[in-house]
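Chemist: You'll find coords.pdb just under this line, and it carries PDB, C-alpha atoms.
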```
MODEL        1
ATOM      1  CA  MET A  20     -19.987  47.137 -52.394
ATOM      2  CA  ALA A  21     -19.185  45.056 -55.457
ATOM      3  CA  LYS A  22     -15.966  47.021 -55.857
ATOM      4  CA  ARG A  23     -14.921  46.197 -52.369
ATOM      5  CA  ILE A  24     -15.541  42.452 -52.901
ATOM      6  CA  ARG A  25     -13.497  42.489 -56.114
ATOM      7  CA  ARG A  26     -10.645  44.215 -54.298
ATOM      8  CA  LYS A  27     -10.666  41.559 -51.553
ATOM      9  CA  ILE A  28     -10.596  38.753 -54.121
ATOM     10  CA  LYS A  29      -7.669  40.307 -56.012
ATOM     11  CA  ASN A  30      -5.713  40.963 -52.807
ATOM     12  CA  LYS A  31      -2.704  38.599 -52.756
ATOM     13  CA  SER A  32      -1.682  39.073 -49.106
ATOM     14  CA  GLY A  33      -2.175  36.145 -46.673
ATOM     15  CA  VAL A  34      -0.375  33.106 -45.250
ATOM     16  CA  THR A  35       1.878  31.169 -47.564
ATOM     17  CA  LEU A  36       1.950  27.386 -47.798
ATOM     18  CA  ALA A  37       5.460  27.294 -46.299
ATOM     19  CA  GLU A  38       4.357  29.303 -43.238
ATOM     20  CA  THR A  39       1.362  27.002 -42.738
ATOM     21  CA  LEU A  40       3.545  23.871 -42.952
ATOM     22  CA  ILE A  41       6.065  25.292 -40.457
ATOM     23  CA  ALA A  42       3.251  26.096 -37.999
ATOM     24  CA  ILE A  43       1.872  22.542 -38.351
ATOM     25  CA  VAL A  44       5.333  20.996 -37.794
ATOM     26  CA  ILE A  45       5.871  23.104 -34.659
ATOM     27  CA  LEU A  46       2.426  22.133 -33.365
ATOM     28  CA  LEU A  47       3.133  18.421 -34.001
ATOM     29  CA  MET A  48       6.448  18.669 -32.121
ATOM     30  CA  VAL A  49       4.722  20.214 -29.097
ATOM     31  CA  VAL A  50       2.014  17.516 -29.157
ATOM     32  CA  ALA A  51       4.677  14.759 -29.394
ATOM     33  CA  ILE A  52       6.588  16.151 -26.404
ATOM     34  CA  VAL A  53       3.425  16.381 -24.310
ATOM     35  CA  ALA A  54       2.255  12.905 -25.370
ATOM     36  CA  ALA A  55       5.632  11.379 -24.434
ATOM     37  CA  GLY A  56       5.527  13.012 -20.989
ATOM     38  CA  VAL A  57       2.058  11.815 -19.988
ATOM     39  CA  PRO A  58       2.948   8.101 -19.476
ATOM     40  CA  VAL A  59       6.030   9.082 -17.472
ATOM     41  CA  ALA A  60       3.901  11.312 -15.245
ATOM     42  CA  VAL A  61       1.267   8.578 -14.797
ATOM     43  CA  ASN A  62       3.936   5.998 -13.833
ATOM     44  CA  ALA A  63       5.511   8.427 -11.356
ATOM     45  CA  TYR A  64       2.086   9.089  -9.846
ATOM     46  CA  ASP A  65       1.383   5.341  -9.517
ATOM     47  CA  GLU A  66       4.736   4.756  -7.785
ATOM     48  CA  ILE A  67       4.109   7.593  -5.322
ATOM     49  CA  VAL A  68       0.596   6.346  -4.530
ATOM     50  CA  THR A  69       1.826   2.753  -4.053
ATOM     51  CA  SER A  70       4.621   3.938  -1.764
ATOM     52  CA  ALA A  71       2.168   6.000   0.298
ATOM     53  CA  ASN A  72      -0.241   3.049   0.502
ATOM     54  CA  ALA A  73       2.617   0.818   1.686
ATOM     55  CA  GLN A  74       3.507   3.295   4.442
ATOM     56  CA  VAL A  75      -0.115   3.500   5.588
ATOM     57  CA  LEU A  76      -0.450  -0.302   5.484
ATOM     58  CA  LEU A  77       2.692  -0.784   7.603
ATOM     59  CA  SER A  78       1.481   1.761  10.144
ATOM     60  CA  THR A  79      -1.989   0.189  10.228
ATOM     61  CA  THR A  80      -0.486  -3.289  10.658
ATOM     62  CA  MET A  81       1.708  -2.132  13.545
ATOM     63  CA  THR A  82      -1.262  -0.469  15.250
ATOM     64  CA  ARG A  83      -3.480  -3.517  14.702
ATOM     65  CA  LEU A  84      -0.816  -5.881  16.089
ATOM     66  CA  ARG A  85      -0.295  -3.642  19.108
ATOM     67  CA  ASP A  86      -4.067  -3.392  19.726
ATOM     68  CA  GLU A  87      -4.478  -7.143  19.414
ATOM     69  CA  LEU A  88      -1.495  -8.235  21.504
ATOM     70  CA  CYS A  89      -0.897  -5.638  24.223
ATOM     71  CA  THR A  90      -3.631  -7.092  26.475
ATOM     72  CA  ALA A  91      -3.077 -10.743  25.519
ATOM     73  CA  ALA A  92      -2.486 -13.549  27.987
ATOM     74  CA  GLU A  93      -1.023 -17.059  27.771
ATOM     75  CA  ILE A  94       1.192 -16.056  24.862
ATOM     76  CA  LYS A  95       3.229 -18.583  22.884
ATOM     77  CA  ALA A  96       5.366 -17.436  19.960
ATOM     78  CA  GLU A  97       6.949 -20.036  17.706
ATOM     79  CA  GLY A  98       8.666 -18.869  14.517
ATOM     80  CA  GLY A  99       5.891 -17.311  12.475
ATOM     81  CA  THR A 100       2.910 -18.041  14.738
ATOM     82  CA  ILE A 101       1.652 -16.370  17.912
ATOM     83  CA  THR A 102      -1.007 -18.165  19.970
ATOM     84  CA  TYR A 103      -2.654 -16.252  22.814
ATOM     85  CA  VAL A 104      -5.847 -15.620  24.737
ATOM     86  CA  SER A 105      -7.364 -12.260  23.805
ATOM     87  CA  SER A 106      -8.727  -9.740  26.299
ATOM     88  CA  ALA A 107     -12.221 -11.026  25.405
ATOM     89  CA  GLY A 108     -11.185 -14.478  26.649
ATOM     90  CA  SER A 109     -11.068 -16.261  23.298
ATOM     91  CA  LYS A 110      -8.142 -18.198  21.861
ATOM     92  CA  SER A 111      -6.513 -16.392  18.925
ATOM     93  CA  VAL A 112      -3.662 -17.065  16.530
ATOM     94  CA  ILE A 113      -1.675 -14.581  14.464
ATOM     95  CA  TYR A 114       0.199 -16.222  11.610
ATOM     96  CA  LEU A 115       1.704 -15.463   8.228
ATOM     97  CA  GLY A 116      -0.690 -16.582   5.469
ATOM     98  CA  ASP A 117      -0.610 -16.327   1.680
ATOM     99  CA  GLY A 118      -2.145 -12.830   1.580
ATOM    100  CA  GLY A 119      -0.214 -11.429   4.540
ATOM    101  CA  ILE A 120      -0.482 -11.484   8.318
ATOM    102  CA  CYS A 121      -3.678 -13.301   9.329
ATOM    103  CA  LEU A 122      -5.761 -13.520  12.479
ATOM    104  CA  ARG A 123      -7.669 -16.654  13.454
ATOM    105  CA  GLU A 124     -10.047 -16.312  16.376
ATOM    106  CA  TYR A 125     -11.868 -19.134  18.115
ATOM    107  CA  ALA A 126     -15.305 -18.859  19.692
ATOM    108  CA  ASP A 127     -13.813 -19.971  23.011
ATOM    109  CA  ILE A 128     -10.722 -21.848  24.137
ATOM    110  CA  THR A 129     -11.715 -24.860  21.991
ATOM    111  CA  ASP A 130     -10.164 -25.647  18.636
ATOM    112  CA  SER A 131     -13.079 -24.749  16.345
ATOM    113  CA  PRO A 132     -12.276 -21.480  14.557
ATOM    114  CA  GLU A 133     -14.967 -18.806  14.507
ATOM    115  CA  TYR A 134     -13.268 -16.842  11.754
ATOM    116  CA  ASP A 135     -10.013 -16.631   9.862
ATOM    117  CA  ARG A 136      -9.122 -13.383   8.086
ATOM    118  CA  LEU A 137      -6.352 -10.951   7.215
ATOM    119  CA  LEU A 138      -5.253  -8.814  10.143
ATOM    120  CA  VAL A 139      -5.618  -5.739   7.907
ATOM    121  CA  THR A 140      -8.446  -5.774   5.325
ATOM    122  CA  ARG A 141      -7.834  -6.369   1.618
ATOM    123  CA  GLU A 142      -9.138  -2.878   0.906
ATOM    124  CA  ALA A 143      -6.330  -1.460   3.050
ATOM    125  CA  ALA A 144      -3.841  -3.699   1.234
ATOM    126  CA  ASN A 145      -4.727  -2.640  -2.300
ATOM    127  CA  ASN A 146      -2.343  -2.808  -5.288
ATOM    128  CA  ASN A 147      -1.334  -6.374  -4.351
ATOM    129  CA  LEU A 148       0.410  -5.194  -1.193
ATOM    130  CA  ARG A 149       0.746  -7.677   1.658
ATOM    131  CA  THR A 150       2.249  -7.599   5.120
ATOM    132  CA  SER A 151       4.827 -10.073   6.363
ATOM    133  CA  PHE A 152       7.424 -10.713   9.037
ATOM    134  CA  ALA A 153      10.415 -13.029   9.223
ATOM    135  CA  SER A 154       9.845 -14.317  12.763
ATOM    136  CA  CYS A 155       8.497 -13.428  16.170
ATOM    137  CA  GLU A 156       9.530 -14.306  19.697
ATOM    138  CA  TYR A 157       8.109 -13.679  23.143
ATOM    139  CA  SER A 158      10.228 -13.166  26.242
ATOM    140  CA  GLY A 159      10.274 -10.863  29.227
ATOM    141  CA  GLY A 160       6.795  -9.482  28.560
ATOM    142  CA  VAL A 161       7.731  -8.295  25.049
ATOM    143  CA  ILE A 162       6.813  -9.724  21.649
ATOM    144  CA  LYS A 163       9.517  -8.989  19.068
ATOM    145  CA  PHE A 164       8.828  -9.131  15.336
ATOM    146  CA  THR A 165      11.809  -9.188  12.983
ATOM    147  CA  ASP A 166      11.630  -7.788   9.472
ATOM    148  CA  LEU A 167       8.015  -6.599   9.650
ATOM    149  CA  ALA A 168       7.428  -5.359   6.095
ATOM    150  CA  VAL A 169       4.989  -4.505   3.324
ATOM    151  CA  LYS A 170       5.714  -6.331   0.083
ATOM    152  CA  LYS A 171       4.487  -6.085  -3.478
ATOM    153  CA  GLY A 172       5.202  -9.463  -5.030
ATOM    154  CA  ASP A 173       8.704 -10.334  -3.809
ATOM    155  CA  GLU A 174       9.808  -6.698  -3.564
ATOM    156  CA  THR A 175       9.869  -5.103  -0.103
ATOM    157  CA  MET A 176       8.240  -1.679  -0.363
ATOM    158  CA  ILE A 177       8.827  -0.556   3.225
ATOM    159  CA  GLY A 178       9.778  -2.286   6.435
ATOM    160  CA  ALA A 179      10.809  -2.126  10.051
ATOM    161  CA  ALA A 180      13.855  -4.183  11.014
ATOM    162  CA  ALA A 181      12.459  -4.807  14.507
ATOM    163  CA  PHE A 182       9.080  -4.100  16.076
ATOM    164  CA  GLU A 183       8.342  -4.714  19.744
ATOM    165  CA  ILE A 184       5.073  -4.832  21.660
ATOM    166  CA  LYS A 185       5.071  -4.602  25.459
ATOM    167  CA  ILE A 186       2.409  -6.891  26.913
ATOM    168  CA  LEU A 187       0.392  -4.918  29.473
ATOM    169  CA  THR A 188      -0.851  -7.987  31.352
ATOM    170  CA  ASP A 189       2.793  -8.823  32.218
ATOM    171  CA  ILE A 190       3.474  -5.478  33.895
ATOM    172  CA  LYS A 191       3.997  -5.964  37.639
ATOM    173  CA  ARG A 192       2.207  -3.393  39.785
TER     174      ARG A 192
ENDMDL
END
```
Would you write out, as structure tokens, the structure that this file holds?

Modeler:
Amino acid sequence: MAKRIRRKIKNKSGVTLAETLIAIVILLMVVAIVAAGVPVAVNAYDEIVTSANAQVLLSTTMTRLRDELCTAAEIKAEGGTITYVSSAGSKSVIYLGDGGICLREYADITDSPEYDRLLVTREAANNNLRTSFASCEYSGGVIKFTDLAVKKGDETMIGAAAFEIKILTDIKR
């Protein structure tokens, strides 16, 4: 047994210093390439998620506007404000506020607001996304929104050039 240990100690075969350094350099290059790619992948992921959220927010806003306005009565549209009586019989106003399209509902036809909130919740409009439109007009039983869009800051993420809602209470039977 002692002979075998002496033989192992005297054995000169193994990995040289040059081979070890080359392996370390190759490993460092692979780590550097992977480390440089991670932030790019994270940014691409964030952009895709924000774009998807903008699409969902636009769709949700269109649905919410249609649900709110299709059974409205006594509609008045002036520039960026729509005043109407909801199907529940209360006075409501849709307008463009700081955080996006807002809904103000009154307890009755009086002028004391019951609540004032975003049409689509802040949770739905995450990542500083907000909804907007350039103008709206009402004629012939149709409310037309121009440039309905989802914006992040001043940048338009996604939009619809024109969006129309047919008012069901104006349909002649």

Chemist: Which residue is closest to Cys89 (chain A)? Choose from A:Lys185, A:Lys171, A:Lys29, A:Arg23 and count all atoms listed in the file.

Modeler: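 Checking each candidate against Cys89 (chain A), we get A:Lys185 as the closest.
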
Chemist: Can you translate the PyMOL selection byres ((chain A and resi 114) around 10) into the concrete residues it hits in this file, as a ChimeraX atom specification?

Modeler: /A:96-102,111-113,115-117,119-123,137-138,151-152,154-155

Chemist: Excluding same-chain residues fewer than 6 positions from region 186-188 of chain A, what lies within 10 Å of it counting only C-alpha atoms, as a list in words?

Modeler: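 The filter keeps Arg85, Leu88, Cys89, Thr90, Ala91, Ala92, Glu93, Ile94, Ser106, Tyr157, Gly159, Gly160, Val161 and Ile162 of chain A.
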
Chemist: Closest to Val75 (chain A) among A:Ile24, A:Ala179, A:Val169, A:Ala63, using all atoms listed in the file?

Modeler: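 Ranked by minimum distance to Val75 (chain A), first place goes to A:Val169.
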
Chemist: Could you please determine the separation between CA of Gly33 (chain A) and CA of Ala51 (chain A) in Å, to one decimal place?

Modeler: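 So the answer is 28.3 Å.
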
Chemist: Which residues would end up in the selection if the PyMOL selection byres ((chain A and resi 76) around 10) were applied here, given that I need the answer as an MDAnalysis selection string?

Modeler: chainID A and resid 70:75 77:82 139:140 143:145 148:150 168:169 177

Chemist: What is the distance, in Å and to one decimal place, between CA of Glu124 (chain A) and CA of Tyr103 (chain A)?

Modeler: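 Between CA of Glu124 (chain A) and CA of Tyr103 (chain A) the gap is 9.8 Å.
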